[in-house]
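Next up, coords.cif (mmCIF, C-alpha atoms):
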data_protein
#
loop_
_atom_site.label_atom_id
_atom_site.label_comp_id
_atom_site.auth_asym_id
_atom_site.auth_seq_id
_atom_site.Cartn_x
_atom_site.Cartn_y
_atom_site.Cartn_z
CA LEU A 1 -24.01 -82.20 21.09
CA ASP A 2 -26.98 -84.22 19.97
CA ILE A 3 -26.82 -86.40 16.86
CA LYS A 4 -28.41 -83.83 14.55
CA GLU A 5 -25.89 -81.14 15.53
CA ARG A 6 -22.98 -83.56 15.05
CA MET A 7 -24.25 -84.50 11.58
CA MET A 8 -24.48 -80.83 10.57
CA GLU A 9 -20.94 -79.98 11.66
CA GLY A 10 -18.89 -78.79 8.72
CA VAL A 11 -21.91 -78.54 6.38
CA VAL A 12 -22.01 -75.32 4.38
CA MET A 13 -25.53 -73.93 4.81
CA SER A 14 -25.12 -70.88 2.59
CA GLN A 15 -22.74 -70.07 -0.21
CA PRO A 16 -20.26 -67.24 0.27
CA TYR A 17 -21.27 -63.99 -1.35
CA ASN A 18 -18.70 -61.50 -2.52
CA GLN A 19 -19.91 -57.90 -2.71
CA GLY A 20 -19.06 -56.41 -6.07
CA SER A 21 -19.01 -59.75 -7.87
CA ALA A 22 -20.71 -60.61 -11.15
CA PHE A 23 -23.93 -61.40 -9.26
CA GLU A 24 -24.71 -57.82 -8.33
CA LYS A 25 -27.50 -56.10 -10.24
CA ARG A 26 -26.25 -54.57 -13.45
CA PRO A 27 -28.11 -52.52 -15.99
CA GLY A 28 -28.78 -53.92 -19.43
CA PRO A 29 -29.57 -57.31 -20.87
CA ILE A 30 -26.61 -59.16 -19.29
CA SER A 31 -28.04 -58.73 -15.78
CA LEU A 32 -28.75 -61.90 -13.80
CA GLU A 33 -31.68 -60.18 -12.13
CA ALA A 34 -34.10 -62.49 -13.97
CA LEU A 35 -32.60 -65.49 -12.16
CA ARG A 36 -32.51 -63.75 -8.80
CA ARG A 37 -36.28 -63.16 -8.92
CA CYS A 38 -37.11 -66.83 -9.57
CA GLN A 39 -37.90 -69.25 -6.77
CA THR A 40 -37.78 -72.10 -9.26
CA ILE A 41 -36.58 -72.49 -12.82
CA GLU A 42 -37.30 -75.03 -15.51
CA LEU A 43 -34.69 -76.34 -17.91
CA LYS A 44 -36.21 -77.67 -21.14
CA GLN A 45 -34.08 -79.48 -23.70
CA LYS A 46 -34.64 -78.90 -27.38
CA ILE A 47 -35.06 -82.33 -28.92
CA SER A 48 -33.23 -82.73 -32.22
CA MET A 49 -35.00 -84.90 -34.80
CA CYS A 50 -31.56 -85.73 -36.25
CA GLU A 51 -30.55 -87.23 -32.90
CA VAL A 52 -33.86 -89.07 -32.50
CA LEU A 53 -33.75 -90.60 -35.99
CA SER A 54 -30.03 -91.37 -36.21
CA GLY A 55 -29.19 -92.07 -32.56
CA CYS A 56 -26.09 -89.90 -33.01
CA GLU A 57 -25.49 -87.36 -30.22
CA VAL A 58 -25.78 -83.70 -31.20
CA GLN A 59 -24.79 -80.59 -29.27
CA ASN A 60 -27.59 -80.10 -26.73
CA ARG A 61 -29.61 -76.89 -26.51
CA PHE A 62 -31.89 -75.83 -23.69
CA TRP A 63 -34.26 -73.08 -22.64
CA LEU A 64 -34.15 -71.78 -19.08
CA LYS A 65 -37.70 -70.75 -18.14
CA ASN A 66 -39.18 -68.93 -15.18
CA PRO A 67 -42.28 -70.28 -13.31
CA GLU A 68 -44.57 -68.42 -15.73
CA GLY A 69 -43.04 -70.35 -18.66
CA GLU A 70 -41.20 -67.37 -20.14
CA THR A 71 -37.73 -68.07 -21.55
CA ILE A 72 -35.17 -66.07 -19.59
CA PHE A 73 -31.96 -67.62 -20.96
CA TYR A 74 -30.80 -69.96 -23.72
CA CYS A 75 -28.26 -72.68 -23.00
CA ARG A 76 -26.01 -74.23 -25.62
CA GLU A 77 -23.49 -77.08 -25.45
CA HIS A 78 -20.21 -76.76 -27.34
CA SER A 79 -18.44 -80.08 -27.97
CA SER A 80 -16.89 -81.91 -30.90
CA LEU A 81 -18.56 -84.73 -32.81
CA ALA A 82 -15.62 -87.02 -32.04
CA SER A 83 -15.94 -86.44 -28.29
CA ARG A 84 -19.70 -87.01 -28.38
CA LEU A 85 -19.25 -90.30 -30.27
CA CYS A 86 -16.22 -91.62 -28.38
CA CYS A 87 -16.64 -90.28 -24.83
CA GLY A 88 -20.42 -90.28 -24.34
CA ASN A 89 -21.57 -88.57 -21.17
CA VAL A 90 -18.01 -87.94 -19.87
CA ARG A 91 -17.07 -85.88 -22.94
CA PRO A 92 -15.38 -82.51 -22.55
CA LEU A 93 -17.80 -79.68 -23.11
CA THR A 94 -18.54 -76.04 -22.56
CA ILE A 95 -22.07 -74.85 -21.84
CA THR A 96 -22.87 -71.21 -22.46
CA ILE A 97 -25.95 -69.61 -20.99
CA GLU A 98 -26.96 -66.65 -23.12
CA ASP A 99 -29.41 -63.80 -22.72
CA GLU A 100 -32.08 -62.92 -25.28
CA GLN A 101 -29.52 -60.97 -27.35
CA GLY A 102 -27.23 -64.03 -27.58
CA LYS A 103 -24.57 -62.58 -25.27
CA PRO A 104 -22.95 -65.17 -22.95
CA VAL A 105 -23.84 -64.60 -19.30
CA ILE A 106 -22.66 -67.84 -17.68
CA GLU A 107 -20.09 -70.32 -18.98
CA ILE A 108 -19.63 -73.82 -17.57
CA ASP A 109 -16.55 -75.73 -18.70
CA ARG A 110 -15.94 -79.44 -18.11
CA PRO A 111 -12.60 -80.86 -19.29
CA LEU A 112 -12.20 -84.49 -20.32
CA LYS A 113 -11.52 -86.67 -17.30
CA CYS A 114 -11.79 -90.41 -16.99
CA MET A 115 -14.59 -91.65 -14.72
CA GLY A 116 -12.31 -93.80 -12.57
CA CYS A 117 -13.92 -97.09 -13.57
CA CYS A 118 -11.61 -97.50 -16.58
CA CYS A 119 -8.50 -96.38 -14.71
CA SER A 120 -9.20 -97.05 -11.06
CA CYS A 121 -5.48 -96.89 -10.34
CA CYS A 122 -5.66 -93.10 -10.96
CA TYR A 123 -8.81 -92.61 -8.91
CA PRO A 124 -9.51 -90.17 -7.18
CA SER A 125 -7.27 -87.82 -9.19
CA CYS A 126 -9.49 -88.30 -12.25
CA THR A 127 -12.80 -87.20 -10.73
CA GLN A 128 -15.12 -84.92 -12.69
CA GLU A 129 -15.05 -81.14 -12.25
CA MET A 130 -16.64 -78.12 -13.90
CA SER A 131 -15.54 -74.51 -13.67
CA VAL A 132 -18.13 -71.73 -13.71
CA LYS A 133 -17.69 -68.18 -15.03
CA VAL A 134 -20.23 -65.39 -14.83
CA GLU A 135 -19.73 -62.63 -17.38
CA GLY A 136 -16.09 -63.72 -17.78
CA GLU A 137 -15.32 -63.75 -14.04
CA ASP A 138 -14.36 -67.10 -12.45
CA ILE A 139 -16.74 -67.74 -9.58
CA GLY A 140 -15.99 -71.32 -8.63
CA LYS A 141 -15.95 -75.03 -9.38
CA VAL A 142 -18.23 -78.00 -9.00
CA GLU A 143 -16.19 -81.06 -8.09
CA GLU A 144 -17.07 -84.73 -7.74
CA ILE A 145 -16.53 -86.03 -4.23
CA PRO A 146 -14.14 -88.99 -4.51
CA THR A 147 -15.35 -92.16 -2.82
CA TRP A 148 -14.09 -95.68 -3.29
CA TRP A 149 -17.48 -97.40 -3.05
CA TYR A 150 -19.67 -95.22 -5.23
CA GLN A 151 -19.27 -91.95 -7.05
CA GLU A 152 -21.36 -88.90 -6.21
CA ILE A 153 -21.34 -85.23 -7.14
#
Kindly present the structure from the file in structure tokens form.
Amino acid sequence: LDIKERMMEGVVMSQPYNQGSAFEKRPGPISLEALRRCQTIELKQKISMCEVLSGCEVQNRFWLKNPEGETIFYCREHSSLASRLCCGNVRPLTITIEDEQGKPVIEIDRPLKCMGCCCSCCYPSCTQEMSVKVEGEDIGKVEEIPTWWYQEI
């Protein structure tokens, strides 16, 4: 094997696809067809004047836009004020991605986990992870890859 083939060993080139899962085309507004048709998407954060003026974190809100600039989904963070003030960017949160009728389509949940730098004795058991649900169905997780020299996702 040449060096390029050896480097690519074990690399997942495509994600598994389960027929009959929440990704299949469904009628009605909850369909993910709008995402399937997009080659690229743009995520725009709504800037809160309260956050800008006070410096106090607020629950983030975003618009998910297609290449033509049309909003296809709304994203909303759900977290407590205490966690935003005390935990900063490692706070526990849930992000819901909603269609134009406000119905949740995708839910991303991140529990509170220490970043490892404050409790390196527990590392790597305290690495970050997020679980993803589509229309209520668990579809997978995003997990931080534990390394001792630097942290990466």
I would like the residues chosen by the PyMOL selection byres ((chain A and resi 135) around 9) on the shown file; could you give them as an MDAnalysis selection string?
chainID A and resid 22 30 104:107 133:134 136:138
Selected residues, C-alpha atoms, written as a PDB file, in the coordinates of the input, please.
ATOM      1  CA  ALA A  22     -20.710 -60.610 -11.150  1.00  0.00           C
ATOM      2  CA  ILE A  30     -26.610 -59.160 -19.290  1.00  0.00           C
ATOM      3  CA  PRO A 104     -22.950 -65.170 -22.950  1.00  0.00           C
ATOM      4  CA  VAL A 105     -23.840 -64.600 -19.300  1.00  0.00           C
ATOM      5  CA  ILE A 106     -22.660 -67.840 -17.680  1.00  0.00           C
ATOM      6  CA  GLU A 107     -20.090 -70.320 -18.980  1.00  0.00           C
ATOM      7  CA  LYS A 133     -17.690 -68.180 -15.030  1.00  0.00           C
ATOM      8  CA  VAL A 134     -20.230 -65.390 -14.830  1.00  0.00           C
ATOM      9  CA  GLY A 136     -16.090 -63.720 -17.780  1.00  0.00           C
ATOM     10  CA  GLU A 137     -15.320 -63.750 -14.040  1.00  0.00           C
ATOM     11  CA  ASP A 138     -14.360 -67.100 -12.450  1.00  0.00           C
TER      12      ASP A 138
END
Please expand the PyMOL selection byres ((chain A and resi 46) around 8) into the concrete residues it hits in this file, giving the result as a list in words.
Lys44, Gln45, Ile47, Ser48, Asn60, Arg61, Phe62 and Trp63 of chain A
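CA of Met49 in chain A to CA of Met130 in chain A spans 28.6 Å [interatomic distance, one decimal].
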Taking 6 positions as the minimum chain separation for residues in the same chain, which residues sit within 9 Å of Lys113 in chain A when counting only C-alpha atoms? Answer as a VMD selection string.
chain A and resid 90 to 92 126 to 129
Looking at only C-alpha atoms, which of A:Val142, A:Cys50, A:Ile41, A:Val58 is the one that sits closest to Ile108 in chain A?
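Once distances to Ile108 in chain A are computed over only C-alpha atoms, the minimum belongs to A:Val142.
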What does the distance from CA of His78 in chain A to CA of Thr94 in chain A come to in Å, to one decimal?
5.1 Å
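Residues having any atom no farther than 10 Å from (-32.2, -63.3, -15.4) (counting only C-alpha atoms) are Pro29, Ile30, Ser31, Leu32, Glu33, Ala34, Leu35, Arg36, Arg37, Cys38, Leu64, Lys65, Asn66, Thr71, Ile72, Phe73, Glu98, Asp99, Glu100 and Val105 of chain A.
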Which one is closest to Gly88 in chain A: A:Leu112, A:Ile139, A:Glu144, A:Gln39? Count all atoms listed in the file.
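Distance minimum relative to Gly88 in chain A lands on A:Leu112.
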Rounded to one decimal place, report the CA of Glu70 in chain A-CA of Glu42 in chain A distance in Å.
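For CA of Glu70 in chain A relative to CA of Glu42 in chain A, the distance reads 9.8 Å.
Proximity ranking of A:Leu81, A:Cys87, A:Cys75, A:Cys114 relative to Gly102 in chain A places A:Cys75 first, based on only C-alpha atoms.
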Step by step, gather every atom of range 30-49 of chain A that the file lists, find the box along x, y and z that holds them, add 5 Å on each side, and finally give centre and edge lengths in Å to one decimal, as lines of an AutoDock Vina configuration file.
center_x = -32.3
center_y = -71.8
center_z = -20.8
size_x = 21.3
size_y = 36.2
size_z = 38.0
Using only C-alpha atoms, which of the listed residues (A:Arg84, A:Glu68, A:Ser131, A:Ile145) sits closest to Thr96 in chain A?
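Looking only at the distances to Thr96 in chain A, the closest residue turns out to be A:Ser131.
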